[in-house]
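Asks: Pasting in a structure now, in structure tokens, and then I'll have a few things to ask.
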Amino acid sequence: MSHLLNKKLQALQENVENIRNICILAHVDHGKTTLADSLVAANGVISARLAGKLRYMDSRKDEQERGITMKSSSISLYYPWQQKEFLINLMDSPGHVDFSSEVCTAVRLCDGAIVIVDIVEGVQPQTKVVLQQAWDQGIKPILVFNKLDRLIVEMKLDSKSAYYHISQVLEQVNAVMGELFTTQVMSSTQTTQNEKIHEFKEGDVYDWSSGLEDADDSQLYFCPTQGNVVFASASDGWAFSIQTFADIYSKKLKFNESVLRKTLWGDYYINVKEKKIQRGAFSKNKKPLFVQLILDNIWNLYETVLVDKDKLRLEKMLNALQLTIPARDLKTSDTKQQLSAVLSSWLPLAVSVLSMVCEKLPSPLNIGKERSRKLMCPQTKKFETLPEETTKLLQYFEACSSKNSVPKIVFISKMIPVNKSQLPENRSKPLTEEELAARRTAARERHQERLLGTEGAVQLTANQVETLEKDQNCNEPEDDIEFIAFARIYSGKVQAGDEVYVLGPKYDPSLYGECLENDEFPEGCHGDKARITGVYMLLGRDLETLEEGTAGNIVGIAGLSSTVIKSATLCSNPWCPPFVELVQSTYPILRVAVEPLRSSDIQALSRGLQLLNQADAHVEVLVSEAGEHLLLTAGEVHLQRCILDLTDTYAKCEVSVSDPIVPFRETIVPVPETDMVNEVIEVDVNKDRTGEETMESVEVETPNKQCLFKVKAVPLPSSLTTLLQDNLSLLKALENRAEVSLQTLKDLEDFKNQVNETFAGTETLNVDAEDIISFGPKRTGSNILFNRVKDFAANSVWSDSGPKKKGDRRLEYFSSLVNGFQLASLAGPICEEPMMGVGFILEGWEMQDEGDSGWGPLSGQIVSSFKDVCRKAFQKQPQRLMTAMYTCEIAVKAEVLGKLYSVISRRRGQIVKEDMVEGSSTFTVTAHIPVVESFNLSSELRKQTSGLAMPQLVFTHWEILDIDPYWEPQTEEELTHFGEKADSDNPARKYMNNIKRRKGLKIDEKLVEFAEKQRTLTKAK
């Protein structure tokens, strides 16, 4: 980028009203980076010929090789519009589901979004996800229908059929927006009605309306007449909006421009006799204006260049359009290049898109009070409970001022690793006249030494010798990676040398604000102080030094690598709350263990993992109890990228990667009524098939015989398990009920009522929500501990303090009992995996005054014994493993549908539904596949279907594997069907043994070689 343009961009940063912070969102391969290339080419950064081929925003080598974006990147663009100069901070984001966390980091910093939809494929799963993220963050989107050329070249549609197809895809997008709007309105209406129902009196008329009738949705939907839809072909470099052709035809046809803006899309046609635009094109079988005036012209141009290759007709078209195309482009034999040159000159993509961005998307000044509150305060807290010094900062959020008197407020969404050699201060600079003169003098001296024969003989001083020895003795290689903070300034200005408070996501200003103000940093306060060493303007692959960064801009900040891990809030005022944490749309479910090939590289690996954890917002690095380094990633592609970064950039050593470690869950189910061959089990209800009693309580004593526990394990209803998983934030809020908002307290009350309703609809559970004394594991899981001991008055989870029976010693050891339950639910008895959907009912707890001596503290014995009694009660019931499940969305051609089904069935997947994309031979297939069976699915599908199937895997739920891991054939029918050796037909046993083998647990299996036939060793004759 030219030096003059950089100066221009720096000057524009001070005019906040003309700044637009936008990101590009779409499904994978819908054309985000190609569109970004065209916008970047408009600033002269790259050649217009290379737009779409260079992929300028994809700076990584593996991004270029795979053809997908893996990280979000930003570039500042200049665009003059309506006699104003605008600064557009454009962010390109990935579309692959494995990198959806990068989308979260980009969306948080933006005020608007360009949502791209492939007009042929329509709304895809990731399209819905990015629209949901934009809605949740409160940013305004505009819609770009990309790849319109595919309607002509691939689908061979005529202009009228293409119009109907475009209308259908537009309805799909608006249906998603309507669903988001309806969900929000009805949830707020439900809250309001719950408040009114307490004041309901006899004779009053209850309002049953949903609130949708009164809600304003006029600016919600995408419509070309509202000026928020662009039609484009990024690969051919052209785009238009209704405004584009309204300007053209208002001059040519002498129609009113505002009338054309309203009628160029919809059921309108031109009455040639009366020279009027009238409604009723569809009923009278007339061509709509959009087809007649717009699509027909584009279709004719494609036909002339690509099909007929009629150069004389093309010249007439160019003369009619008053276009001047370079002779080199007109004479070229490449018709694609010729077409692109004509259309990009007639309908330039950057003009249509960027003018709509400047007109429709808001500036940082329009952040609004509602969005500011959402950023400052999580939903589980109310804004009024924040300290007074904190609430005063709201006005600075809204003002977005760069004055010296206002506090500095900056949010960092992620850390970007940059090679130190690429920093502006380390780049080679043009030499000054003094430096050139010094070099000439040094060259003359070397030449004189060469003539005298003394070249190479250099006398070192004592200081030089000492420095040389230090360099030789220093074995630690210097780290060549510098982390730059990807940040947005919400208030004030930031420059090199500024000291700011670095506030982590868990920082609480009400607890530590005063301490930080006195320069005291208590341990665990999640706050620190740092000095900024540099501020940079982000220019795609390059950085440019800024003297200062002003409010409303997206910048890079150096000097925070030692204090910021993933995200943080910077502020000059310690009373500033940390920004609400980013909500990820996916979870890192895939984990592997890594170790260096050479044991001497263990320190390098540890350091490399720390750097990787800092550089990737969605990766998690853990150390297991066995000392293994565990790497948690979102999927296979994400894992491959992390391993490549680890070996080549961060650790710089070869690493050994284990097979993927997939988490499982352990649960219990009601006693089954049929066996494995669907025969009715005719045994006692209270006994299992081996004759042991089930659904009975288990009693365990502490080692010193002082306490006796009686516990029964019961399966929780699936609806209750789902309810607990969906309300994880409310379960966390139970820990600090005093600090939560009134809304959260109402939500907790509603949640408690829902739990009671679930219990009331279950015949096997004779419990109440008030009997719940703990959730587990980690006090927020989907397992429940109930108290049904009549003479033991313990606190329920719903109250801070409950009635306590004076003189009851058991209350002193209540926390030990809960800790025992937490340990039991964290590691089940099948293969030490966490439990899910299990309820433990405490039916008895007897405590003697004294017990046997020599067994240590009673609290420790209670923890251990209660853990054992929970595990034994669990084993009394029919046990099952739960597998993590991917929902797999696959776009596939009809001719390879059978091969797709065979691949899915081999991996124990289930086809949920299939929909045919109207007007094409493409099917959208939805399937559920176990995560443990999903590895290398993409490569196998590509091989089997010749590249005609593209899977999109997203972790969605857990599913019970409906077979006992310890099952063996026992009945005559089972022995006939499965044989005496049924190991190969029991996937649960296979998974269980694999987990035990990995964890080093005892495996109950027999290894028999050559069991079918006895072999006799004889000497060879």
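Ligands are numbered from 1 in the order shown, chains are lettered A, B, ... in the order of the structure tokens, and residues start at 1 in each chain.
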Within segment 881-918 of chain A, find each residue whose DSSP state, derived from the backbone, is strand (DSSP E), and express the selection as a list in words.
Replies: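 Put together, the selection reads Leu881, Met882, Thr883, Ala884, Met885, Tyr886, Thr887, Cys888, Glu889, Ile890, Ala891, Val892, Lys893, Gln910, Ile911, Val912, Lys913, Glu914, Asp915 and Met916 of chain A.
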Asks: Filtering to N, CA, C and O atoms, could you give me those residues as a tab-separated table (two decimals), in the first residue's frame?
Replies:
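Saved file part26.tsv follows:
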chain	number	residue	atom	x	y	z
A	881	LEU	N	-22.97	-46.39	28.08
A	881	LEU	CA	-22.06	-45.32	27.68
A	881	LEU	C	-22.83	-44.33	26.79
A	881	LEU	O	-23.74	-44.73	26.06
A	882	MET	N	-22.46	-43.07	26.87
A	882	MET	CA	-23.03	-42.04	25.99
A	882	MET	C	-21.92	-41.52	25.08
A	882	MET	O	-20.82	-41.20	25.56
A	883	THR	N	-22.22	-41.44	23.79
A	883	THR	CA	-21.23	-40.97	22.82
A	883	THR	C	-21.54	-39.54	22.40
A	883	THR	O	-22.71	-39.16	22.27
A	884	ALA	N	-20.48	-38.75	22.18
A	884	ALA	CA	-20.65	-37.41	21.62
A	884	ALA	C	-21.04	-37.56	20.15
A	884	ALA	O	-20.47	-38.37	19.43
A	885	MET	N	-22.00	-36.75	19.71
A	885	MET	CA	-22.53	-36.88	18.35
A	885	MET	C	-22.33	-35.59	17.57
A	885	MET	O	-22.53	-34.49	18.08
A	886	TYR	N	-21.90	-35.78	16.32
A	886	TYR	CA	-21.84	-34.68	15.36
A	886	TYR	C	-23.15	-34.66	14.56
A	886	TYR	O	-23.68	-35.72	14.20
A	887	THR	N	-23.66	-33.47	14.29
A	887	THR	CA	-24.69	-33.32	13.26
A	887	THR	C	-23.97	-32.96	11.97
A	887	THR	O	-23.24	-31.96	11.92
A	888	CYS	N	-24.14	-33.78	10.97
A	888	CYS	CA	-23.37	-33.67	9.73
A	888	CYS	C	-24.29	-33.17	8.62
A	888	CYS	O	-25.26	-33.84	8.27
A	889	GLU	N	-24.00	-31.98	8.11
A	889	GLU	CA	-24.76	-31.44	6.97
A	889	GLU	C	-23.92	-31.65	5.72
A	889	GLU	O	-22.77	-31.20	5.63
A	890	ILE	N	-24.48	-32.36	4.72
A	890	ILE	CA	-23.72	-32.71	3.53
A	890	ILE	C	-24.50	-32.27	2.30
A	890	ILE	O	-25.67	-32.64	2.13
A	891	ALA	N	-23.84	-31.48	1.44
A	891	ALA	CA	-24.41	-31.13	0.14
A	891	ALA	C	-23.84	-32.12	-0.87
A	891	ALA	O	-22.62	-32.22	-1.04
A	892	VAL	N	-24.72	-32.89	-1.53
A	892	VAL	CA	-24.27	-34.00	-2.36
A	892	VAL	C	-25.11	-34.06	-3.64
A	892	VAL	O	-26.29	-33.73	-3.64
A	893	LYS	N	-24.46	-34.46	-4.72
A	893	LYS	CA	-25.16	-34.65	-5.99
A	893	LYS	C	-25.95	-35.95	-5.98
A	893	LYS	O	-25.58	-36.92	-5.32
A	910	GLN	N	-26.63	-42.14	11.37
A	910	GLN	CA	-28.06	-42.23	11.09
A	910	GLN	C	-28.48	-41.05	10.23
A	910	GLN	O	-28.16	-39.90	10.57
A	911	ILE	N	-29.18	-41.33	9.13
A	911	ILE	CA	-29.69	-40.26	8.29
A	911	ILE	C	-30.94	-39.69	8.95
A	911	ILE	O	-31.90	-40.42	9.23
A	912	VAL	N	-30.93	-38.39	9.21
A	912	VAL	CA	-32.06	-37.75	9.88
A	912	VAL	C	-33.07	-37.23	8.86
A	912	VAL	O	-34.28	-37.45	8.97
A	913	LYS	N	-32.57	-36.53	7.84
A	913	LYS	CA	-33.47	-36.02	6.80
A	913	LYS	C	-32.65	-35.70	5.56
A	913	LYS	O	-31.41	-35.58	5.61
A	914	GLU	N	-33.35	-35.58	4.45
A	914	GLU	CA	-32.73	-35.15	3.21
A	914	GLU	C	-33.69	-34.24	2.47
A	914	GLU	O	-34.89	-34.51	2.41
A	915	ASP	N	-33.15	-33.14	1.95
A	915	ASP	CA	-33.96	-32.17	1.21
A	915	ASP	C	-33.30	-31.92	-0.13
A	915	ASP	O	-32.06	-31.79	-0.21
A	916	MET	N	-34.10	-31.83	-1.16
A	916	MET	CA	-33.57	-31.53	-2.48
A	916	MET	C	-33.60	-30.03	-2.71
A	916	MET	O	-34.61	-29.37	-2.44
Asks: I want to know what sits within 10 Å of Asn404 of chain A, based on only C-alpha atoms, with residues of the same chain fewer than 5 positions away left out; could you give that as a PyMOL selection string?
Replies: chain A and resi 491-494
Asks: Can you list, as a ChimeraX atom specification, every protein, DNA or RNA residue that comes within 10 Å of Ser167 of chain A when you count only C-alpha atoms, leaving out same-chain residues fewer than 4 positions away?
Replies: /A:161-163,171-172,223,265-266
